[in-house]
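Before any comments, here is the structure.
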Amino acid sequence: MIFFLGSFAYLSAVLQRTSLGIAGVSAAERFGGSAALLSSLAVVQLIVYASAQIPVGILIDRYGPRILMLSGTALMVAGQLTLAFAPTISIAVAGRILVGAGDAMIFISVIRLISAWFTGRIVPQLSQYMGNIGQLGQVLSAVPLAWVLHVWGWTPAFVSATSVALVALVVIAVAIRDHPEGAGDHALAKTWASALTQLRHSFRRPGTQLGFWSHYVTQSSGTVFSLLWGFPFMVYALGYEPALAAGMLTILVGAGLVFGPILGLLTARYPLRRSNIVLGIVAAMATAWTVVLLWPGEPPLWLIALLLVVIGIGGPGSLIGFDFARTFNPQRALGSANGVVNVGGFTASFVTMFLVGVILDVLDGWRVAGGAESDLYALDSFRIAFAVQYVVIGVGVAFLIRARRRTRSQLSRDEGIEVAPIWVALSRTWRHHRGRE
């Protein structure tokens, strides 16, 4: 019950987070402004989310996840209502700030909740299931919420999204508990000083840093596409109908539902190969984006669908970062460690999201200065703007490899565990199976 109700609370948070993704066109019509100004609605939400992760992690270690889940859901209710009735862009931004602050408290609280109620190899698998259940919130925003927005307009759409958060608030208050009965609160920090000390130790652990960079390189591409720029890209640059574009965004969720459990099993079975799984996901995303951006003319529908499948794998792939935090930190410090990890992907997301908006504005300015008609969301402009991901994620890959080297050195020094290169491990596995035959 705790697992499913906690997952429902996360589903509600994802719905509130991604509700703006299907409203990008409506937001432009309601508030006006440039692409950079429109991106500020989503960027400010992610900046607040990312900057709140470490303080929230400390609060979880100090007070437990239930209080943080209650506070976060209440903030999202206030933020979505503010956005629903916002007459200007400045009021809308204030609403998204509240949504980002509330959203920041939910995911790592549920991760901590799972670690308190379950142990062993089931934990990474449940984390994947929880992530997949939560991503159904994106389906709710892409299909029924988009329909409400189209039929009844801006305010009814965001009020209806808020109603789901209100249900989650009641569920948390009535049913969620921090730990099984009789377990006590021994895992909570007794003082602020001890909570800050745990944060400092978590941050210094190479395994926590490896989790941060794993989350950084896998999560951002899908978040940028689903949260803001995917919908305008498909509607304006590719000419899709809004209903088709909203439906296409559900492919991201479907990919997570299919591949999430597989990644959970691989993570549990091959704990010393988790970073290779992460790098494999990044390589697949880079390949898919390269084909789409270099495709002559308009990319076909099947290719965009394939891109969404591949970057959709990055969502459950990013949860591997939290498994690094879990295995390299004591339970009493998991709030801080998970907060550090969760900063990674959202830092990459808001940097990429903002840069895409800036590049689109710059390219349109050059087009107008050259005497051509303004075309802010031209396909060629999106090709150049989306290419900024190679720089942002490439930096993360370099730091991931560095953190992996330090983590393996620590394993060798403290545990006596040597991690052979992947080709050596595959060769040994092949020889082992040949020997059994």
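Every chain in the structure tokens has a letter given in the order shown (A, B, ...), and although residue numbers restart at 1 in each chain, ligands are simply numbered from 1 in the order shown.
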Near-stretch 391-397 of chain A list (7 Å; only C-alpha atoms; drop same-chain fewer than 4 positions) as a list of chain:residue names:
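Surrounding residues, per the criterion: A:Trp213, A:Tyr216, A:Val217, A:Ala348, A:Thr352, A:Ile401.
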Determine, for each residue of stretch 106-132 of chain A having at least one atom at most 12 Å from an atom of stretch 43-54 of chain A, the closest pair of atoms and their separation in Å to one decimal, counting only C-alpha atoms; order by chain and ascending number, as CSV.
residue,atom,partner,partner_atom,distance
A:Ile106,CA,A:Gln53,CA,10.1
A:Phe107,CA,A:Gln53,CA,9.9
A:Ile108,CA,A:Gln53,CA,8.3
A:Ser109,CA,A:Gln53,CA,10.5
Those same residues - all heavy atoms - I'd like them written as a CSV table (one decimal), in the first residue's frame.
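out_30.csv was written with the following content:
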chain,number,residue,atom,x,y,z
A,106,ILE,N,9.0,15.7,-3.8
A,106,ILE,CA,8.2,14.5,-3.9
A,106,ILE,C,9.1,13.3,-4.2
A,106,ILE,O,9.1,12.3,-3.5
A,106,ILE,CB,7.1,14.6,-4.9
A,106,ILE,CG1,6.2,15.8,-4.6
A,106,ILE,CG2,6.3,13.3,-5.0
A,106,ILE,CD1,5.6,15.8,-3.2
A,107,PHE,N,9.8,13.4,-5.3
A,107,PHE,CA,10.5,12.2,-5.9
A,107,PHE,C,11.5,11.6,-4.9
A,107,PHE,O,11.5,10.4,-4.6
A,107,PHE,CB,11.2,12.5,-7.2
A,107,PHE,CG,11.9,11.3,-7.8
A,107,PHE,CD1,11.2,10.3,-8.4
A,107,PHE,CD2,13.3,11.3,-7.7
A,107,PHE,CE1,11.9,9.2,-8.9
A,107,PHE,CE2,14.0,10.2,-8.2
A,107,PHE,CZ,13.3,9.2,-8.8
A,108,ILE,N,12.4,12.4,-4.4
A,108,ILE,CA,13.4,11.8,-3.5
A,108,ILE,C,12.8,11.4,-2.1
A,108,ILE,O,13.3,10.6,-1.4
A,108,ILE,CB,14.6,12.8,-3.3
A,108,ILE,CG1,14.2,14.1,-2.7
A,108,ILE,CG2,15.3,13.0,-4.6
A,108,ILE,CD1,15.4,15.0,-2.3
A,109,SER,N,11.6,12.0,-1.8
A,109,SER,CA,10.9,11.5,-0.6
A,109,SER,C,10.4,10.1,-0.8
A,109,SER,O,10.5,9.3,0.1
A,109,SER,CB,9.8,12.5,-0.2
A,109,SER,OG,10.2,13.7,0.1
Using only C-alpha atoms, which residues sit within 8 Å of A:Ile122 once same-chain residues fewer than 4 positions away are excluded, as a PDB file with N, CA and C atoms, in the first residue's frame?
ATOM      1  N   PHE A 118      11.556  -1.347   2.208  1.00  0.00           N
ATOM      2  CA  PHE A 118      12.023  -2.531   1.491  1.00  0.00           C
ATOM      3  C   PHE A 118      13.552  -2.608   1.577  1.00  0.00           C
ATOM      4  N   LEU A 126      11.837  -1.781  -7.580  1.00  0.00           N
ATOM      5  CA  LEU A 126      10.704  -0.971  -7.150  1.00  0.00           C
ATOM      6  C   LEU A 126      10.905   0.497  -7.526  1.00  0.00           C
ATOM      7  N   ALA A 268      19.984  -4.654 -10.744  1.00  0.00           N
ATOM      8  CA  ALA A 268      20.063  -5.536  -9.580  1.00  0.00           C
ATOM      9  C   ALA A 268      21.021  -6.698  -9.821  1.00  0.00           C
TER      10      ALA A 268
END
Which of A:Ala369, A:Ala157, A:Ile133, A:Met1 sits closest to A:Trp117 [using only C-alpha atoms]:
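Answer, going by the shortest atom-to-atom distance: A:Met1.
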Can you tell me which residues surround A:Gly134 at a distance of at most 6 Å, considering only C-alpha atoms, apart from same-chain residues fewer than 4 positions away, and format the answer as a list in words?
Ser7, Tyr10 and Leu11 of chain A
Using only N, CA and C atoms, please write the residues we just selected to a file, as a PDB file, in the first residue's frame.
ATOM      1  N   SER A   7       3.693   6.058  -5.018  1.00  0.00           N
ATOM      2  CA  SER A   7       3.823   6.203  -6.471  1.00  0.00           C
ATOM      3  C   SER A   7       2.729   7.105  -7.032  1.00  0.00           C
ATOM      4  N   TYR A  10       3.742  10.612  -6.576  1.00  0.00           N
ATOM      5  CA  TYR A  10       4.720  11.013  -7.586  1.00  0.00           C
ATOM      6  C   TYR A  10       4.042  11.214  -8.941  1.00  0.00           C
ATOM      7  N   LEU A  11       3.051  10.356  -9.269  1.00  0.00           N
ATOM      8  CA  LEU A  11       2.285  10.535 -10.508  1.00  0.00           C
ATOM      9  C   LEU A  11       1.648  11.918 -10.545  1.00  0.00           C
TER      10      LEU A  11
END
DSSP helix (DSSP H, G or I) selection over stretch 19-216 of chain A, as an mmCIF file with C-alpha atoms, in the first residue's frame:
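Okay, part_23.cif is ready:
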data_model
loop_
_atom_site.group_PDB
_atom_site.id
_atom_site.type_symbol
_atom_site.label_atom_id
_atom_site.label_comp_id
_atom_site.auth_asym_id
_atom_site.auth_seq_id
_atom_site.Cartn_x
_atom_site.Cartn_y
_atom_site.Cartn_z
ATOM 1 C CA GLY A 21 4.514 20.898 -21.932
ATOM 2 C CA ILE A 22 1.226 20.451 -23.796
ATOM 3 C CA ALA A 23 0.281 24.095 -23.174
ATOM 4 C CA GLY A 24 3.275 25.688 -24.877
ATOM 5 C CA VAL A 25 1.244 26.945 -27.842
ATOM 6 C CA SER A 26 -1.590 28.136 -25.572
ATOM 7 C CA ALA A 27 0.919 29.874 -23.295
ATOM 8 C CA ALA A 28 2.377 31.743 -26.260
ATOM 9 C CA GLU A 29 -1.119 32.856 -27.288
ATOM 10 C CA ARG A 30 -2.157 33.777 -23.718
ATOM 11 C CA PHE A 31 0.977 35.629 -22.612
ATOM 12 C CA ALA A 35 10.843 31.914 -27.334
ATOM 13 C CA ALA A 36 13.310 32.803 -24.571
ATOM 14 C CA LEU A 37 10.507 34.389 -22.525
ATOM 15 C CA LEU A 38 8.285 31.346 -23.025
ATOM 16 C CA SER A 39 11.130 29.030 -22.031
ATOM 17 C CA SER A 40 11.483 31.008 -18.801
ATOM 18 C CA LEU A 41 8.175 29.492 -17.623
ATOM 19 C CA ALA A 42 9.688 26.018 -17.691
ATOM 20 C CA VAL A 43 13.276 27.021 -16.941
ATOM 21 C CA VAL A 44 12.439 28.859 -13.725
ATOM 22 C CA GLN A 45 10.491 25.810 -12.555
ATOM 23 C CA LEU A 46 13.502 23.563 -13.167
ATOM 24 C CA ILE A 47 15.931 26.024 -11.586
ATOM 25 C CA VAL A 48 13.831 26.061 -8.419
ATOM 26 C CA TYR A 49 13.493 22.271 -8.557
ATOM 27 C CA ALA A 50 17.221 21.677 -8.956
ATOM 28 C CA SER A 51 18.313 24.285 -6.405
ATOM 29 C CA ALA A 52 15.903 22.870 -3.821
ATOM 30 C CA GLN A 53 17.122 19.280 -4.074
ATOM 31 C CA ILE A 54 19.963 19.457 -1.552
ATOM 32 C CA PRO A 55 17.988 21.469 1.060
ATOM 33 C CA VAL A 56 15.086 19.047 0.613
ATOM 34 C CA GLY A 57 17.452 16.102 1.053
ATOM 35 C CA ILE A 58 18.662 17.565 4.352
ATOM 36 C CA LEU A 59 15.060 18.096 5.480
ATOM 37 C CA ILE A 60 14.188 14.480 4.629
ATOM 38 C CA ASP A 61 17.126 13.229 6.696
ATOM 39 C CA ARG A 62 15.979 15.479 9.546
ATOM 40 C CA TYR A 63 12.162 15.108 9.516
ATOM 41 C CA PRO A 65 9.659 11.905 3.859
ATOM 42 C CA ARG A 66 5.985 12.200 4.905
ATOM 43 C CA ILE A 67 6.215 15.829 6.055
ATOM 44 C CA LEU A 68 8.086 16.785 2.891
ATOM 45 C CA MET A 69 5.506 15.033 0.679
ATOM 46 C CA LEU A 70 2.674 16.909 2.401
ATOM 47 C CA SER A 71 4.442 20.251 2.072
ATOM 48 C CA GLY A 72 5.433 19.680 -1.549
ATOM 49 C CA THR A 73 1.967 18.639 -2.694
ATOM 50 C CA ALA A 74 0.403 21.650 -0.957
ATOM 51 C CA LEU A 75 2.837 23.979 -2.744
ATOM 52 C CA MET A 76 1.984 22.418 -6.107
ATOM 53 C CA VAL A 77 -1.728 22.956 -5.464
ATOM 54 C CA ALA A 78 -1.058 26.642 -4.771
ATOM 55 C CA GLY A 79 1.224 26.970 -7.802
ATOM 56 C CA GLN A 80 -1.152 25.363 -10.279
ATOM 57 C CA LEU A 81 -4.064 27.489 -9.079
ATOM 58 C CA THR A 82 -1.890 30.583 -9.497
ATOM 59 C CA LEU A 83 -1.019 29.542 -13.047
ATOM 60 C CA ALA A 84 -4.660 28.708 -13.836
ATOM 61 C CA ILE A 89 3.525 36.163 -17.616
ATOM 62 C CA SER A 90 4.996 37.410 -14.319
ATOM 63 C CA ILE A 91 2.153 35.856 -12.293
ATOM 64 C CA ALA A 92 2.482 32.652 -14.337
ATOM 65 C CA VAL A 93 6.193 32.486 -13.521
ATOM 66 C CA ALA A 94 5.378 32.852 -9.815
ATOM 67 C CA GLY A 95 3.001 29.917 -10.115
ATOM 68 C CA ARG A 96 5.634 27.757 -11.776
ATOM 69 C CA ILE A 97 8.102 28.671 -9.013
ATOM 70 C CA LEU A 98 5.659 27.225 -6.470
ATOM 71 C CA VAL A 99 5.170 24.122 -8.632
ATOM 72 C CA GLY A 100 8.925 23.632 -8.930
ATOM 73 C CA ALA A 101 9.436 24.030 -5.175
ATOM 74 C CA GLY A 102 6.697 21.516 -4.397
ATOM 75 C CA ASP A 103 7.761 19.066 -7.074
ATOM 76 C CA PHE A 107 10.499 12.188 -5.861
ATOM 77 C CA ILE A 108 13.410 11.849 -3.464
ATOM 78 C CA SER A 109 10.933 11.534 -0.587
ATOM 79 C CA VAL A 110 9.334 8.517 -2.276
ATOM 80 C CA ILE A 111 12.792 7.061 -3.021
ATOM 81 C CA ARG A 112 13.611 7.374 0.699
ATOM 82 C CA LEU A 113 10.221 5.840 1.553
ATOM 83 C CA ILE A 114 10.985 2.760 -0.585
ATOM 84 C CA SER A 115 14.394 2.351 1.071
ATOM 85 C CA ALA A 116 12.738 2.473 4.516
ATOM 86 C CA TRP A 117 10.041 -0.112 3.719
ATOM 87 C CA ILE A 122 13.952 -5.528 -4.859
ATOM 88 C CA VAL A 123 14.788 -1.874 -4.117
ATOM 89 C CA PRO A 124 16.194 -0.893 -7.564
ATOM 90 C CA GLN A 125 13.330 -2.749 -9.259
ATOM 91 C CA LEU A 126 10.704 -0.971 -7.150
ATOM 92 C CA SER A 127 12.421 2.341 -7.895
ATOM 93 C CA GLN A 128 11.991 1.639 -11.601
ATOM 94 C CA TYR A 129 8.334 0.643 -11.140
ATOM 95 C CA MET A 130 7.719 3.784 -9.107
ATOM 96 C CA GLY A 131 9.320 5.910 -11.816
ATOM 97 C CA ASN A 132 7.163 4.252 -14.475
ATOM 98 C CA ILE A 133 3.944 4.685 -12.487
ATOM 99 C CA GLY A 134 4.868 8.323 -11.935
ATOM 100 C CA GLN A 135 5.430 8.895 -15.641
ATOM 101 C CA LEU A 136 1.799 7.996 -16.265
ATOM 102 C CA GLY A 137 1.247 11.540 -15.029
ATOM 103 C CA GLN A 138 2.787 12.652 -18.308
ATOM 104 C CA VAL A 139 0.193 10.567 -20.153
ATOM 105 C CA LEU A 140 -2.530 12.363 -18.194
ATOM 106 C CA SER A 141 -1.082 15.716 -19.246
ATOM 107 C CA ALA A 142 -0.586 14.650 -22.866
ATOM 108 C CA PRO A 144 -6.947 14.130 -21.109
ATOM 109 C CA LEU A 145 -5.405 17.403 -19.956
ATOM 110 C CA ALA A 146 -4.624 18.401 -23.545
ATOM 111 C CA TRP A 147 -8.236 17.592 -24.455
ATOM 112 C CA VAL A 148 -9.585 19.717 -21.590
ATOM 113 C CA LEU A 149 -7.275 22.551 -22.647
ATOM 114 C CA HIS A 150 -8.499 22.332 -26.243
ATOM 115 C CA VAL A 151 -12.209 22.118 -25.359
ATOM 116 C CA TRP A 152 -12.576 24.343 -22.285
ATOM 117 C CA TRP A 154 -6.549 27.430 -19.985
ATOM 118 C CA THR A 155 -8.157 27.894 -16.559
ATOM 119 C CA PRO A 156 -10.337 24.733 -16.509
ATOM 120 C CA ALA A 157 -7.369 22.655 -17.691
ATOM 121 C CA PHE A 158 -5.046 23.723 -14.891
ATOM 122 C CA VAL A 159 -7.793 23.575 -12.261
ATOM 123 C CA SER A 160 -8.495 19.977 -13.291
ATOM 124 C CA ALA A 161 -4.786 19.138 -12.931
ATOM 125 C CA THR A 162 -4.859 20.725 -9.474
ATOM 126 C CA SER A 163 -7.695 18.412 -8.412
ATOM 127 C CA VAL A 164 -5.398 15.401 -8.789
ATOM 128 C CA ALA A 165 -2.864 17.050 -6.469
ATOM 129 C CA LEU A 166 -5.626 17.654 -3.918
ATOM 130 C CA VAL A 167 -6.457 13.931 -3.933
ATOM 131 C CA ALA A 168 -2.757 13.120 -3.478
ATOM 132 C CA LEU A 169 -2.597 15.525 -0.528
ATOM 133 C CA VAL A 170 -5.424 13.675 1.235
ATOM 134 C CA VAL A 171 -3.850 10.271 0.471
ATOM 135 C CA ILE A 172 -0.502 11.305 1.953
ATOM 136 C CA ALA A 173 -2.079 12.755 5.076
ATOM 137 C CA VAL A 174 -4.215 9.675 5.737
ATOM 138 C CA ALA A 175 -2.088 6.702 4.687
ATOM 139 C CA TRP A 192 20.704 20.111 12.036
ATOM 140 C CA ALA A 193 24.455 19.807 12.557
ATOM 141 C CA SER A 194 24.372 16.041 12.059
ATOM 142 C CA ALA A 195 22.178 16.434 8.944
ATOM 143 C CA LEU A 196 24.655 18.904 7.428
ATOM 144 C CA THR A 197 27.539 16.587 8.294
ATOM 145 C CA GLN A 198 25.788 13.743 6.485
ATOM 146 C CA LEU A 199 25.360 15.987 3.433
ATOM 147 C CA ARG A 200 29.049 16.847 3.408
ATOM 148 C CA HIS A 201 30.067 13.198 3.644
ATOM 149 C CA SER A 202 27.570 12.162 0.948
ATOM 150 C CA PHE A 203 28.802 14.834 -1.428
ATOM 151 C CA ARG A 204 32.408 13.697 -1.027
ATOM 152 C CA PRO A 206 32.721 9.156 -5.393
ATOM 153 C CA GLY A 207 29.673 6.882 -5.637
ATOM 154 C CA THR A 208 27.347 9.833 -5.002
ATOM 155 C CA GLN A 209 29.160 11.869 -7.665
ATOM 156 C CA LEU A 210 28.858 8.950 -10.074
ATOM 157 C CA GLY A 211 25.114 8.942 -9.397
ATOM 158 C CA PHE A 212 24.947 12.706 -10.050
ATOM 159 C CA TRP A 213 26.611 12.456 -13.466
ATOM 160 C CA SER A 214 24.637 9.319 -14.400
ATOM 161 C CA HIS A 215 21.425 11.258 -13.767
ATOM 162 C CA TYR A 216 22.820 14.305 -15.589
#
Which of A:Ser19, A:Thr347, A:Thr327, A:Thr287 sits closest to A:Ile311 [using only C-alpha atoms]
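Distance minimum relative to A:Ile311 lands on A:Thr287.
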Quick check, in Å to one decimal: how far apart do atom CA of A:Val143 and atom CA of A:Gly230 lie?
14.9 Å
Kindly indicate which residue among A:Pro242, A:Gly256, A:Pro271, A:Gly153 lies nearest to A:Phe328, using only C-alpha atoms for the distances.
A:Pro271
Need the shell around A:Val282: protein/DNA/RNA residues with any atom at most 7 Å away, counting only C-alpha atoms. Skip same-chain ones fewer than 3 positions apart. Format as a PDB file with all heavy atoms, in the first residue's frame?
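And here is the file that came out, out.pdb:
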ATOM      1  N   VAL A 217      23.416  12.840 -17.446  1.00  0.00           N
ATOM      2  CA  VAL A 217      23.547  12.520 -18.873  1.00  0.00           C
ATOM      3  C   VAL A 217      22.347  11.770 -19.440  1.00  0.00           C
ATOM      4  O   VAL A 217      22.157  11.755 -20.664  1.00  0.00           O
ATOM      5  CB  VAL A 217      24.834  11.698 -19.141  1.00  0.00           C
ATOM      6  CG1 VAL A 217      26.069  12.481 -18.742  1.00  0.00           C
ATOM      7  CG2 VAL A 217      24.796  10.352 -18.413  1.00  0.00           C
ATOM      8  N   THR A 218      21.520  11.155 -18.589  1.00  0.00           N
ATOM      9  CA  THR A 218      20.429  10.331 -19.109  1.00  0.00           C
ATOM     10  C   THR A 218      19.070  11.032 -19.085  1.00  0.00           C
ATOM     11  O   THR A 218      18.231  10.782 -19.946  1.00  0.00           O
ATOM     12  CB  THR A 218      20.308   9.022 -18.305  1.00  0.00           C
ATOM     13  OG1 THR A 218      20.295   9.323 -16.900  1.00  0.00           O
ATOM     14  CG2 THR A 218      21.470   8.089 -18.604  1.00  0.00           C
ATOM     15  N   VAL A 278      24.495   2.953 -18.286  1.00  0.00           N
ATOM     16  CA  VAL A 278      24.263   4.387 -18.459  1.00  0.00           C
ATOM     17  C   VAL A 278      24.918   4.887 -19.751  1.00  0.00           C
ATOM     18  O   VAL A 278      24.293   5.588 -20.556  1.00  0.00           O
ATOM     19  CB  VAL A 278      24.808   5.167 -17.245  1.00  0.00           C
ATOM     20  CG1 VAL A 278      24.806   6.676 -17.524  1.00  0.00           C
ATOM     21  CG2 VAL A 278      23.970   4.868 -16.000  1.00  0.00           C
ATOM     22  N   LEU A 279      26.170   4.531 -19.962  1.00  0.00           N
ATOM     23  CA  LEU A 279      26.876   4.990 -21.163  1.00  0.00           C
ATOM     24  C   LEU A 279      26.244   4.419 -22.428  1.00  0.00           C
ATOM     25  O   LEU A 279      26.215   5.090 -23.472  1.00  0.00           O
ATOM     26  CB  LEU A 279      28.355   4.601 -21.074  1.00  0.00           C
ATOM     27  CG  LEU A 279      29.163   5.356 -20.010  1.00  0.00           C
ATOM     28  CD1 LEU A 279      30.558   4.759 -19.883  1.00  0.00           C
ATOM     29  CD2 LEU A 279      29.253   6.837 -20.352  1.00  0.00           C
ATOM     30  N   MET A 285      21.021   7.480 -27.389  1.00  0.00           N
ATOM     31  CA  MET A 285      20.346   8.770 -27.565  1.00  0.00           C
ATOM     32  C   MET A 285      21.110   9.662 -28.530  1.00  0.00           C
ATOM     33  O   MET A 285      20.503  10.337 -29.372  1.00  0.00           O
ATOM     34  CB  MET A 285      20.170   9.457 -26.206  1.00  0.00           C
ATOM     35  CG  MET A 285      19.169   8.783 -25.293  1.00  0.00           C
ATOM     36  SD  MET A 285      18.669   9.802 -23.861  1.00  0.00           S
ATOM     37  CE  MET A 285      20.225   9.924 -22.994  1.00  0.00           C
ATOM     38  N   ALA A 286      22.435   9.680 -28.419  1.00  0.00           N
ATOM     39  CA  ALA A 286      23.236  10.505 -29.325  1.00  0.00           C
ATOM     40  C   ALA A 286      23.074  10.046 -30.772  1.00  0.00           C
ATOM     41  O   ALA A 286      22.966  10.866 -31.694  1.00  0.00           O
ATOM     42  CB  ALA A 286      24.713  10.438 -28.909  1.00  0.00           C
TER      43      ALA A 286
END
Hey, can you check how far atom CA of A:Leu376 sits from atom CA of A:Gln219?
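Atom-to-atom, atom CA of A:Leu376 and atom CA of A:Gln219 are spaced 26.4 Å apart.
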Interatomic distance (Å, one decimal) between atom CA of A:Ala255 and atom CA of A:Trp289:
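Calculated distance between atom CA of A:Ala255 and atom CA of A:Trp289 is 16.2 Å.
Among the candidates A:Ala237, A:Leu265, A:Ile304, A:Ala243, the one nearest to A:Leu360 when counting only C-alpha atoms is A:Ala237.
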Between A:Leu355, A:Leu301, A:Ile262, A:Ala283, which is the closest to A:Gly239 once you count only C-alpha atoms?
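Once distances to A:Gly239 are computed over only C-alpha atoms, the minimum belongs to A:Leu301.
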